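Undergrad: To be precise about what I am sending: the file is called upload_16.csv and holds CSV, C-alpha atoms.
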chain,number,residue,atom,x,y,z
N,11,MET,CA,22.7,92.1,-63.4
N,12,GLY,CA,19.9,94.6,-63.5
N,13,LEU,CA,19.2,97.6,-61.3
N,14,LEU,CA,16.5,95.6,-59.4
N,15,ALA,CA,19.1,93.0,-58.5
N,16,LEU,CA,21.0,95.7,-56.5
N,17,PHE,CA,18.2,95.7,-54.0
N,18,ARG,CA,18.3,92.0,-53.3
N,19,LYS,CA,19.8,91.4,-49.9
N,20,THR,CA,20.1,87.6,-49.9
N,21,PRO,CA,23.3,86.1,-51.3
N,22,SER,CA,22.9,84.6,-54.8
N,23,SER,CA,22.2,80.9,-55.0
N,24,ALA,CA,25.4,80.4,-57.0
N,25,ASN,CA,27.4,81.8,-54.0
N,26,VAL,CA,25.6,79.5,-51.6
N,27,ALA,CA,26.4,76.5,-53.9
N,28,ARG,CA,30.0,77.5,-54.1
N,29,GLU,CA,30.4,77.8,-50.4
N,30,ARG,CA,28.7,74.5,-49.7
N,31,LEU,CA,30.9,72.7,-52.2
N,32,ARG,CA,34.1,74.3,-50.9
N,33,ILE,CA,33.4,72.8,-47.5
N,34,ILE,CA,32.2,69.4,-48.5
N,35,VAL,CA,34.9,68.9,-51.1
N,36,ALA,CA,37.6,69.9,-48.7
N,37,GLN,CA,36.2,67.5,-46.1
N,38,GLU,CA,35.9,64.6,-48.5
N,39,ARG,CA,39.4,65.2,-49.9
N,40,ASN,CA,40.8,65.0,-46.3
N,41,ALA,CA,39.0,61.6,-45.8
N,42,ARG,CA,40.2,60.3,-49.1
N,43,GLY,CA,42.5,57.3,-48.9
N,44,ASN,CA,41.6,56.7,-45.3
N,45,PRO,CA,40.5,53.1,-44.5
N,46,ASP,CA,36.8,52.5,-44.7
N,47,TYR,CA,36.6,51.4,-41.1
N,48,LEU,CA,37.4,54.9,-39.7
N,49,PRO,CA,33.8,56.2,-39.5
N,50,LEU,CA,32.7,52.9,-37.8
N,51,LEU,CA,35.6,52.9,-35.4
N,52,ARG,CA,34.8,56.5,-34.5
N,53,ARG,CA,31.2,55.6,-33.8
N,54,GLU,CA,32.0,52.6,-31.7
N,55,LEU,CA,34.6,54.5,-29.7
N,56,LEU,CA,32.0,57.2,-29.1
N,57,GLU,CA,29.6,54.5,-27.7
N,58,VAL,CA,32.1,53.2,-25.3
N,59,ILE,CA,33.2,56.6,-24.1
N,60,HIS,CA,29.6,57.5,-23.7
N,61,LYS,CA,29.2,54.8,-21.1
N,62,TYR,CA,31.5,56.6,-18.8
N,63,VAL,CA,31.5,60.3,-19.8
N,64,ASN,CA,28.7,62.3,-21.4
N,65,VAL,CA,30.7,63.6,-24.4
N,66,ASP,CA,29.4,65.5,-27.4
N,67,PRO,CA,29.5,63.4,-30.6
N,68,SER,CA,31.8,66.0,-32.2
N,69,ALA,CA,34.2,65.8,-29.3
N,70,VAL,CA,35.7,62.5,-30.6
N,71,GLN,CA,38.2,62.9,-33.5
N,72,VAL,CA,39.8,60.0,-35.2
N,73,ASN,CA,42.6,60.8,-37.6
N,74,LEU,CA,45.1,58.8,-39.6
N,75,GLU,CA,48.4,60.7,-39.9
N,76,PHE,CA,51.6,59.9,-41.6
N,77,GLU,CA,54.8,60.6,-39.6
N,78,ASP,CA,58.3,59.5,-40.5
N,79,GLY,CA,57.0,56.8,-42.7
N,80,HIS,CA,54.7,55.4,-40.0
N,81,GLU,CA,50.9,55.5,-40.0
N,82,VAL,CA,49.7,57.0,-36.7
N,83,LEU,CA,46.1,56.6,-35.6
N,84,GLU,CA,45.4,59.7,-33.6
N,85,LEU,CA,42.5,59.7,-31.2
N,86,SER,CA,41.4,62.9,-29.5
N,87,VAL,CA,38.5,63.2,-27.1
N,88,ALA,CA,37.6,66.5,-25.6
N,89,LEU,CA,36.0,65.9,-22.2
N,90,PRO,CA,33.3,68.2,-20.9
N,91,GLU,CA,34.1,70.8,-18.3
N,92,SER,CA,35.4,68.9,-15.3
N,93,LYS,CA,34.3,69.5,-11.7
N,94,ARG,CA,37.7,68.5,-10.3
N,95,GLY,CA,39.5,70.9,-8.0
N,96,ARG,CA,36.4,72.0,-6.2
M,22,MET,CA,51.7,55.1,-79.5
M,23,ALA,CA,48.0,55.7,-79.0
M,24,GLU,CA,46.9,58.3,-76.5
M,25,ILE,CA,44.0,57.0,-74.4
M,26,ILE,CA,41.5,59.7,-73.3
M,27,VAL,CA,38.7,58.8,-70.9
M,28,VAL,CA,35.5,60.9,-70.8
M,29,THR,CA,34.1,60.6,-67.3
M,30,SER,CA,32.0,62.4,-64.7
M,31,GLY,CA,30.6,60.2,-61.9
M,32,LYS,CA,27.2,61.7,-62.3
M,33,GLY,CA,24.9,60.5,-65.1
M,34,GLY,CA,23.3,62.7,-67.7
M,35,VAL,CA,25.9,65.5,-67.7
M,36,GLY,CA,27.0,64.9,-71.3
M,37,LYS,CA,29.7,62.2,-71.3
M,38,THR,CA,28.5,60.5,-74.5
M,39,THR,CA,27.8,63.7,-76.3
M,40,THR,CA,31.3,64.9,-75.4
M,41,SER,CA,32.9,61.6,-76.3
M,42,ALA,CA,31.2,61.6,-79.7
M,43,SER,CA,32.1,65.3,-80.4
M,44,ILE,CA,35.7,65.0,-79.3
M,45,ALA,CA,36.2,61.8,-81.3
M,46,CYS,CA,34.7,63.5,-84.4
M,47,GLY,CA,36.8,66.7,-83.8
M,48,LEU,CA,40.0,64.7,-83.6
M,49,ALA,CA,39.2,62.7,-86.7
M,50,ARG,CA,38.2,65.9,-88.6
M,51,ARG,CA,41.8,67.0,-88.0
M,52,GLY,CA,43.0,63.8,-89.7
M,53,LYS,CA,43.8,61.8,-86.5
M,54,ARG,CA,43.0,58.1,-86.5
M,55,VAL,CA,40.5,57.8,-83.7
M,56,ALA,CA,38.6,54.9,-82.1
M,57,VAL,CA,35.8,55.7,-79.7
M,58,ILE,CA,34.7,53.0,-77.3
M,59,ASP,CA,31.4,52.7,-75.3
M,60,PHE,CA,32.2,51.3,-71.9
M,61,ASP,CA,28.6,51.4,-70.7
M,62,ILE,CA,28.1,47.6,-70.7
M,63,GLY,CA,24.4,46.8,-70.7
M,64,LEU,CA,23.3,50.3,-71.7
M,65,ARG,CA,24.6,50.9,-75.2
M,66,ASN,CA,24.1,54.5,-76.3
M,67,LEU,CA,27.2,55.9,-78.1
M,68,ASP,CA,26.1,54.2,-81.3
M,69,LEU,CA,22.8,56.2,-81.2
M,70,ILE,CA,24.6,59.5,-80.7
M,71,MET,CA,27.1,58.6,-83.5
M,72,GLY,CA,24.2,57.6,-85.7
M,73,CYS,CA,25.5,54.1,-86.4
M,74,GLU,CA,23.1,52.0,-84.3
M,75,ARG,CA,21.8,50.0,-87.2
M,76,ARG,CA,25.3,48.9,-88.2
M,77,VAL,CA,26.3,47.3,-84.9
M,78,VAL,CA,26.9,43.6,-85.5
M,79,TYR,CA,29.6,42.8,-83.0
M,80,ASP,CA,30.5,44.7,-79.8
M,81,PHE,CA,33.3,45.4,-77.3
M,82,VAL,CA,32.5,42.2,-75.2
M,83,ASN,CA,32.4,40.0,-78.4
M,84,VAL,CA,35.9,41.2,-79.1
M,85,ILE,CA,37.1,40.5,-75.5
M,86,GLN,CA,35.5,37.1,-75.5
M,87,GLY,CA,37.0,36.2,-78.9
M,88,ASP,CA,33.6,35.8,-80.7
M,89,CYS,CA,35.0,38.0,-83.5
M,90,GLY,CA,38.1,39.9,-84.5
M,91,LEU,CA,38.6,43.5,-83.6
M,92,LYS,CA,38.3,44.7,-87.2
M,93,GLN,CA,34.8,43.0,-87.5
M,94,ALA,CA,33.6,44.9,-84.5
M,95,LEU,CA,34.9,48.3,-85.4
M,96,ILE,CA,32.2,50.4,-87.2
M,97,LYS,CA,33.6,52.9,-89.7
M,98,ASP,CA,32.1,56.3,-89.5
M,99,LYS,CA,30.3,57.3,-92.7
M,100,ARG,CA,31.3,61.0,-92.4
M,101,LEU,CA,34.9,60.8,-91.3
M,102,ASP,CA,37.3,58.4,-92.8
M,103,THR,CA,39.6,58.0,-89.9
M,104,LEU,CA,36.9,57.5,-87.2
M,105,TYR,CA,35.7,54.1,-85.9
M,106,VAL,CA,33.2,53.2,-83.2
M,107,LEU,CA,33.3,50.2,-80.9
M,108,ALA,CA,29.8,49.7,-79.4
M,109,ALA,CA,29.0,48.5,-75.9
M,110,SER,CA,27.5,45.1,-75.3
M,111,GLN,CA,23.9,44.8,-74.2
M,112,THR,CA,24.7,41.8,-72.0
M,113,ARG,CA,23.5,42.0,-68.4
M,114,ASP,CA,26.6,40.1,-67.3
M,115,LYS,CA,28.6,42.6,-65.2
M,116,ASP,CA,31.7,40.5,-65.3
M,117,ALA,CA,31.9,40.5,-69.1
M,118,LEU,CA,34.4,43.4,-69.0
M,119,THR,CA,37.8,42.3,-67.6
M,120,SER,CA,40.9,44.2,-67.0
M,121,GLU,CA,43.0,41.9,-69.2
M,122,GLY,CA,40.3,42.0,-71.9
M,123,VAL,CA,40.2,45.8,-72.0
M,124,ARG,CA,44.0,45.9,-72.1
M,125,SER,CA,44.2,43.5,-75.0
M,126,VAL,CA,41.7,45.5,-77.0
M,127,LEU,CA,43.5,48.8,-76.3
M,128,ASP,CA,46.8,47.3,-77.3
M,129,ALA,CA,45.3,45.9,-80.5
M,130,LEU,CA,43.9,49.3,-81.4
M,131,ALA,CA,47.3,50.9,-80.8
M,132,ALA,CA,48.9,48.2,-83.0
M,133,GLU,CA,46.3,49.0,-85.7
M,134,GLY,CA,47.7,52.5,-85.8
M,135,PHE,CA,45.0,54.4,-84.0
M,136,GLU,CA,46.4,57.7,-82.6
M,137,TYR,CA,43.6,58.4,-80.1
M,138,ILE,CA,41.3,56.1,-78.2
M,139,VAL,CA,38.4,57.8,-76.6
M,140,CYS,CA,36.8,55.8,-73.8
M,141,ASP,CA,33.2,56.8,-73.0
M,142,SER,CA,32.7,56.0,-69.4
M,143,PRO,CA,29.4,54.9,-67.8
M,144,ALA,CA,28.1,56.9,-64.9
M,145,GLY,CA,28.9,55.8,-61.3
M,146,ILE,CA,32.1,54.4,-59.9
M,147,GLU,CA,31.5,50.7,-60.6
M,148,LYS,CA,33.5,48.3,-62.8
M,149,GLY,CA,32.7,49.9,-66.2
M,150,ALA,CA,33.7,53.3,-65.0
M,151,HIS,CA,36.8,51.9,-63.3
M,152,LEU,CA,38.0,50.1,-66.4
M,153,ALA,CA,37.2,53.0,-68.7
M,154,MET,CA,39.7,55.2,-66.7
M,155,TYR,CA,42.2,52.5,-65.7
M,156,PHE,CA,44.5,52.7,-68.8
M,157,ALA,CA,43.9,56.3,-69.6
M,158,ASP,CA,46.6,58.9,-70.3
M,159,ARG,CA,44.3,61.8,-70.0
M,160,ALA,CA,40.8,62.4,-68.6
M,161,VAL,CA,38.2,64.8,-69.7
M,162,VAL,CA,36.0,65.3,-66.6
M,163,VAL,CA,32.5,66.5,-67.7
M,164,VAL,CA,30.8,68.7,-65.2
M,165,ASN,CA,27.5,70.6,-65.1
M,166,PRO,CA,27.7,73.8,-63.0
M,167,GLU,CA,25.5,72.2,-60.3
M,168,VAL,CA,26.3,70.9,-56.8
M,169,SER,CA,25.9,67.2,-57.2
M,170,SER,CA,27.8,67.1,-60.5
M,171,VAL,CA,30.7,69.0,-59.0
M,172,ARG,CA,30.9,66.8,-55.9
M,173,ASP,CA,30.7,63.6,-58.0
M,174,SER,CA,33.5,64.9,-60.2
M,175,ASP,CA,35.7,65.4,-57.2
M,176,ARG,CA,35.1,61.8,-56.3
M,177,ILE,CA,36.2,60.8,-59.8
M,178,LEU,CA,39.3,63.0,-59.5
M,179,GLY,CA,40.2,61.0,-56.4
M,180,LEU,CA,39.8,57.7,-58.3
M,181,LEU,CA,41.9,59.1,-61.2
M,182,ALA,CA,44.6,59.9,-58.8
M,183,SER,CA,44.7,56.5,-57.2
M,184,LYS,CA,42.9,53.7,-59.2
M,185,THR,CA,44.6,54.1,-62.6
M,186,LEU,CA,47.6,52.4,-64.1
M,187,ARG,CA,49.4,55.7,-64.4
M,188,ALA,CA,48.8,56.5,-60.7
M,189,GLU,CA,50.0,53.1,-59.7
M,190,GLN,CA,53.1,53.4,-61.8
M,191,GLY,CA,53.7,56.8,-60.3
M,192,ASN,CA,54.7,58.3,-63.6
M,193,GLY,CA,52.9,61.6,-63.3
M,194,GLY,CA,49.4,60.2,-63.2
M,195,VAL,CA,46.5,60.9,-65.5
M,196,LYS,CA,46.4,64.4,-67.0
M,197,GLU,CA,43.0,65.8,-66.0
M,198,HIS,CA,40.9,68.4,-67.8
M,199,LEU,CA,37.7,70.1,-66.9
M,200,LEU,CA,34.9,70.4,-69.5
M,201,LEU,CA,31.8,72.3,-68.4
M,202,THR,CA,28.6,71.5,-70.2
M,203,ARG,CA,25.1,73.0,-70.0
M,204,TYR,CA,26.6,76.4,-69.2
M,205,ASN,CA,24.2,79.2,-69.1
M,206,PRO,CA,26.0,82.6,-69.1
M,207,ARG,CA,22.8,84.5,-68.5
M,208,ARG,CA,22.1,82.6,-65.3
M,209,VAL,CA,25.7,82.9,-64.2
M,210,ALA,CA,25.3,86.7,-64.7
M,211,THR,CA,22.3,86.8,-62.4
M,212,GLY,CA,23.9,84.7,-59.8
M,213,GLU,CA,21.7,81.6,-60.3
M,214,MET,CA,24.5,79.4,-61.6
M,215,MET,CA,28.1,78.9,-60.6
M,216,SER,CA,30.7,80.3,-63.0
M,217,VAL,CA,33.5,78.6,-64.8
M,218,GLY,CA,35.8,80.3,-62.3
M,219,ASP,CA,33.9,78.9,-59.3
M,220,VAL,CA,33.9,75.3,-60.6
M,221,LYS,CA,37.6,75.6,-61.7
M,222,GLU,CA,38.6,76.8,-58.3
M,223,ILE,CA,36.6,74.1,-56.3
M,224,LEU,CA,38.0,71.3,-58.4
M,225,GLY,CA,41.4,72.8,-59.1
M,226,LEU,CA,41.5,71.7,-62.7
M,227,ASP,CA,42.5,73.3,-66.1
M,228,VAL,CA,39.4,74.2,-68.2
M,229,VAL,CA,39.6,72.4,-71.6
M,230,GLY,CA,36.2,73.6,-72.7
M,231,VAL,CA,32.9,75.3,-71.8
M,232,VAL,CA,29.9,74.2,-73.8
M,233,PRO,CA,26.9,76.5,-73.5
M,234,GLU,CA,23.4,75.1,-72.9
M,235,SER,CA,22.0,74.7,-76.4
M,236,PRO,CA,18.9,73.2,-78.0
M,237,ASP,CA,21.3,72.0,-80.8
M,238,VAL,CA,22.6,69.3,-78.5
M,239,LEU,CA,19.2,67.6,-78.4
M,240,SER,CA,18.6,68.1,-82.1
M,241,ALA,CA,22.0,66.5,-82.7
M,242,SER,CA,21.3,63.5,-80.7
M,243,ASN,CA,17.8,63.2,-82.3
M,244,ALA,CA,19.5,63.1,-85.7
M,245,GLY,CA,22.5,60.9,-84.7
M,246,VAL,CA,24.9,63.5,-85.8
M,247,PRO,CA,27.5,64.5,-83.1
M,248,VAL,CA,26.8,68.2,-82.3
M,249,ILE,CA,30.4,69.2,-83.2
M,250,LEU,CA,29.4,68.5,-86.9
M,251,ASN,CA,26.7,71.2,-86.7
M,252,GLY,CA,28.9,74.1,-87.6
M,253,GLU,CA,26.3,76.7,-87.1
M,254,SER,CA,25.9,75.9,-83.4
M,255,ASP,CA,27.7,77.6,-80.4
M,256,ALA,CA,27.9,74.1,-78.8
M,257,SER,CA,29.7,72.9,-82.0
M,258,ARG,CA,32.2,75.8,-81.9
M,259,ALA,CA,32.8,75.2,-78.1
M,260,TYR,CA,33.6,71.5,-78.8
M,261,GLU,CA,35.9,72.5,-81.7
M,262,ASP,CA,37.8,74.8,-79.3
M,263,ALA,CA,38.0,72.0,-76.7
M,264,VAL,CA,39.5,69.6,-79.3
M,265,ALA,CA,42.1,72.3,-80.2
M,266,ARG,CA,43.0,72.7,-76.6
M,267,LEU,CA,43.4,69.0,-76.1
M,268,LEU,CA,45.9,69.1,-79.0
M,269,GLY,CA,47.8,71.8,-77.2
M,270,GLU,CA,46.6,74.9,-79.0
M,271,VAL,CA,45.9,78.0,-76.9
M,272,VAL,CA,42.4,79.2,-77.6
M,273,PRO,CA,40.5,81.8,-75.6
M,274,LEU,CA,37.2,80.7,-74.0
M,275,ARG,CA,34.1,81.7,-75.9
M,276,PHE,CA,30.4,81.6,-74.9
M,277,VAL,CA,31.1,82.3,-71.2
M,278,ASP,CA,29.7,85.8,-71.1
M,279,GLU,CA,26.1,86.9,-71.3
M,280,PRO,CA,25.1,88.2,-74.8
M,281,LYS,CA,25.0,92.0,-74.7
M,282,SER,CA,21.4,93.1,-74.0
M,283,GLY,CA,19.9,96.6,-74.5
M,284,PHE,CA,19.9,99.4,-72.0
M,285,PHE,CA,16.3,98.8,-70.8
M,286,ALA,CA,16.8,95.1,-70.5
M,287,ARG,CA,19.9,95.6,-68.4
M,288,LEU,CA,18.1,98.3,-66.3
M,289,PHE,CA,15.3,96.0,-65.4
M,290,GLY,CA,17.3,92.8,-65.2
M,291,GLY,CA,15.8,91.3,-68.4
Rewrite the coordinates I just gave you, this time as structure tokens.

TA:
Amino acid sequence: MGLLALFRKTPSSANVARERLRIIVAQERNARGNPDYLPLLRRELLEVIHKYVNVDPSAVQVNLEFEDGHEVLELSVALPESKRGR
Amino acid sequence: MAEIIVVTSGKGGVGKTTTSASIACGLARRGKRVAVIDFDIGLRNLDLIMGCERRVVYDFVNVIQGDCGLKQALIKDKRLDTLYVLAASQTRDKDALTSEGVRSVLDALAAEGFEYIVCDSPAGIEKGAHLAMYFADRAVVVVNPEVSSVRDSDRILGLLASKTLRAEQGNGGVKEHLLLTRYNPRRVATGEMMSVGDVKEILGLDVVGVVPESPDVLSASNAGVPVILNGESDASRAYEDAVARLLGEVVPLRFVDEPKSGFFARLFGG
């Protein structure tokens, strides 16, 4: 690295590549081995929920977990701030 | 017992065939009996890189379909006595390769006394790539220090860990090695290219070799002489080191640091 490089403020492109890969590889490793229908299931659930509640697409999580030798399909929906109790 | 080594990557054009040819030559040069098989059915290329394209009479699929015997299809290398090439078929029939067929050829090669069988995988994750890795004991995953190659390699690692005979049998799985090609130490030093350490950390693999970007790789393929046989070249030395590591030798990594430049060049980032 030359003296001129010391004045560069932006992170190097190699660092950007490494960080992007870290995230996507971790994400894809998590999804590995999951049945192919999970993304579709998630999308359809989201559509159904959307009919009743205006939820954010990222608020629906579908995970397949292994517990005590059983496969557990875990569904978590974060509802928006409720107006109840007023 | 023959050891089956698959050379794979997911992404195309990263140097699988160059690597297969050089590793096969390197092993044979150390006196091992080696067969190298082109699994890229429909797109035969290993024969060109090995320089035996005009001597292909029968191919891998001919052997599987019983059109000829194994010995008739094996092409003996003209430079190394213990090295044989099995060319890919140019058929467009994707079902020409079958699991039973591949197994029978690998078994027959082992029975012939081959110590190493190098399987040159096609790109992608389709049937050819699947069968190239399915019976493997070890995998050399060829990666360029570039985002799409690294990501595709991780996909391949997932398949090696699930869709191989060793994974299904649960006896330790396929032993995986990382081989970086097209490595440019100068660009790594300036932060334009991911380093060996970066790729190693992302993929979580042992490094079996780092081959520097070199014009000698193209000259070697032009001439049909695997680059490892060009003793003058850094790429050749890097492949030689990789072969030594595959055989269990401990060899320090070379060609990963920028060549020393003069004071003024360093000062001005030259």

Undergrad: Applying 12 Å and all atoms listed in the file, which residues near N:Gly43 remain after dropping the ones on its own chain fewer than 6 positions away? List them as a PyMOL selection string.

TA: (chain N and resi 73-76) or (chain M and resi 176+179-180+182-184)

Undergrad: Expressed in Å to a single decimal, how great is the separation between atom CA of M:Gly72 and atom CA of M:Ala45?

TA: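 Those two atoms sit 13.5 Å apart.
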
Undergrad: Using only C-alpha atoms, which of M:Val168, M:Val217, M:Ile96, M:Val231 sits nearest chain N?

TA: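 With only C-alpha atoms as the atom set, the closest residue is M:Val168.
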
Undergrad: What does the structure give for the distance between atom CA of M:Ile85 and atom CA of M:Ser242, in Å to one decimal?

TA: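 Going from atom CA of M:Ile85 over to atom CA of M:Ser242, I get 28.4 Å.
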
Undergrad: M:Leu178, M:Ala244, M:Ala259, M:Val228: which is nearest chain N, counting all atoms listed in the file?

TA: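 When distances to chain N are compared using all atoms listed in the file, the smallest one comes from M:Leu178.
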
Undergrad: Please indicate the distance in Å from atom CA of M:Leu48 to atom CA of M:Glu133, rounded to one decimal place.

TA: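 Here the two named atoms are 17.0 Å from each other.
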
Undergrad: Please work out which residues fall within 12 Å of (22.7, 63.7, -69.9), coordinates as given in the file, with all atoms listed in the file counting, and return them as a list in words.

TA: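 Those residues lying close to the given coordinates are Ser30, Gly31, Lys32, Gly33, Gly34, Val35, Gly36, Lys37, Thr38, Thr39, Thr40, Asn66, Ile70, Pro143, Ala144, Val163, Val164, Asn165, Ser170, Thr202, Arg203, Glu234, Val238, Leu239 and Ser242 of chain M.
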
Undergrad: Using only C-alpha atoms, pick whichever of M:Gly218, M:Gly145, M:Gly47, M:Gly230 has the shortest atom-to-atom distance to chain N.

TA: M:Gly218

Undergrad: Would you pick out the contacts of N:Ser68 at 10 Å or less, using only C-alpha atoms, so that residues sharing its chain but fewer than 4 positions from it are not included, and give the list as an MDAnalysis selection string?

TA: chainID N and resid 56 87:88

Undergrad: Pick out the closest residue to M:Leu201 from this set: M:Leu104, M:Val248, M:Ile44, M:Val220. Count only C-alpha atoms.

TA: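 Checking each of M:Leu104, M:Val248, M:Ile44, M:Val220 against M:Leu201, counting only C-alpha atoms, the winner is M:Val220.
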
Undergrad: Just want the 7 Å neighbourhood of M:Leu181, counted on only C-alpha atoms, with same-chain residues fewer than 4 positions away dropped. Output as a VMD selection string.

TA: chain M and resid 177 185 195

Undergrad: M:Phe156: which residues within 8 Å, counting only C-alpha atoms, same-chain residues fewer than 5 positions away excluded, as a ChimeraX atom specification?

TA: /M:25,124,185-187

Undergrad: For chain N, which of M:Arg258, M:Leu224, M:Arg275, M:Gly122 is the closest residue, counting all atoms listed in the file?

TA: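 Under the stated criterion, the closest residue is M:Leu224.
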
Undergrad: Between M:Leu107, M:Gly212, M:Thr119, M:Ile146, which one has atoms that come closest to N:Pro21, using all atoms listed in the file?

TA: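 Result for the nearest residue to N:Pro21: M:Gly212.
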
Undergrad: Within 7 Å of (27.2, 81.1, -73.7) in the file's own coordinates, which protein, DNA or RNA residues have an atom, counting only C-alpha atoms? List them as a compact mmCIF listing (two decimals) with C-alpha atoms, keeping the file's coordinate frame.

TA:
# COMPACT_ATOMS: atom_id res chain seq x y z
CA TYR M 204 26.60 76.40 -69.20
CA ASN M 205 24.20 79.20 -69.10
CA PRO M 206 26.00 82.60 -69.10
CA PRO M 233 26.90 76.50 -73.50
CA PHE M 276 30.40 81.60 -74.90
CA VAL M 277 31.10 82.30 -71.20
CA ASP M 278 29.70 85.80 -71.10
CA GLU M 279 26.10 86.90 -71.30

Undergrad: Quick one: residues within 8 Å of N:Gln71, all atoms listed in the file counted, chain neighbours fewer than 5 positions away excluded, as a count of residues only?

TA: 5

Undergrad: Atoms are missing here; could stretch 102-119 of chain M be completed with N, CA and C atoms and written as a CSV table (one decimal), keeping the file's coordinate frame?

TA:
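The new file part_17.csv reads:
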chain,number,residue,atom,x,y,z
M,102,ASP,N,36.6,59.6,-92.4
M,102,ASP,CA,37.3,58.4,-92.8
M,102,ASP,C,38.2,57.7,-91.8
M,103,THR,N,38.7,58.6,-90.8
M,103,THR,CA,39.6,58.0,-89.9
M,103,THR,C,39.0,57.7,-88.5
M,104,LEU,N,37.7,57.6,-88.5
M,104,LEU,CA,36.9,57.5,-87.2
M,104,LEU,C,36.2,56.1,-87.2
M,105,TYR,N,36.4,55.4,-86.0
M,105,TYR,CA,35.7,54.1,-85.9
M,105,TYR,C,35.1,54.1,-84.5
M,106,VAL,N,34.0,53.3,-84.4
M,106,VAL,CA,33.2,53.2,-83.2
M,106,VAL,C,33.2,51.7,-82.7
M,107,LEU,N,33.4,51.5,-81.4
M,107,LEU,CA,33.3,50.2,-80.9
M,107,LEU,C,32.1,50.2,-79.9
M,108,ALA,N,31.0,49.6,-80.2
M,108,ALA,CA,29.8,49.7,-79.4
M,108,ALA,C,29.9,48.9,-78.1
M,109,ALA,N,29.1,49.3,-77.1
M,109,ALA,CA,29.0,48.5,-75.9
M,109,ALA,C,28.1,47.3,-76.1
M,110,SER,N,28.4,46.3,-75.3
M,110,SER,CA,27.5,45.1,-75.3
M,110,SER,C,26.2,45.4,-74.6
M,111,GLN,N,25.2,44.6,-74.9
M,111,GLN,CA,23.9,44.8,-74.2
M,111,GLN,C,23.7,43.7,-73.2
M,112,THR,N,24.8,42.9,-72.9
M,112,THR,CA,24.7,41.8,-72.0
M,112,THR,C,24.4,42.4,-70.6
M,113,ARG,N,23.8,41.5,-69.8
M,113,ARG,CA,23.5,42.0,-68.4
M,113,ARG,C,24.6,41.4,-67.5
M,114,ASP,N,25.6,40.7,-68.0
M,114,ASP,CA,26.6,40.1,-67.3
M,114,ASP,C,27.7,41.2,-66.9
M,115,LYS,N,27.7,41.6,-65.6
M,115,LYS,CA,28.6,42.6,-65.2
M,115,LYS,C,30.1,42.3,-65.3
M,116,ASP,N,30.3,41.0,-65.3
M,116,ASP,CA,31.7,40.5,-65.3
M,116,ASP,C,32.3,40.4,-66.7
M,117,ALA,N,31.5,40.7,-67.7
M,117,ALA,CA,31.9,40.5,-69.1
M,117,ALA,C,33.1,41.4,-69.4
M,118,LEU,N,33.3,42.5,-68.7
M,118,LEU,CA,34.4,43.4,-69.0
M,118,LEU,C,35.5,43.0,-68.0
M,119,THR,N,36.7,42.6,-68.5
M,119,THR,CA,37.8,42.3,-67.6
M,119,THR,C,38.9,43.2,-67.9
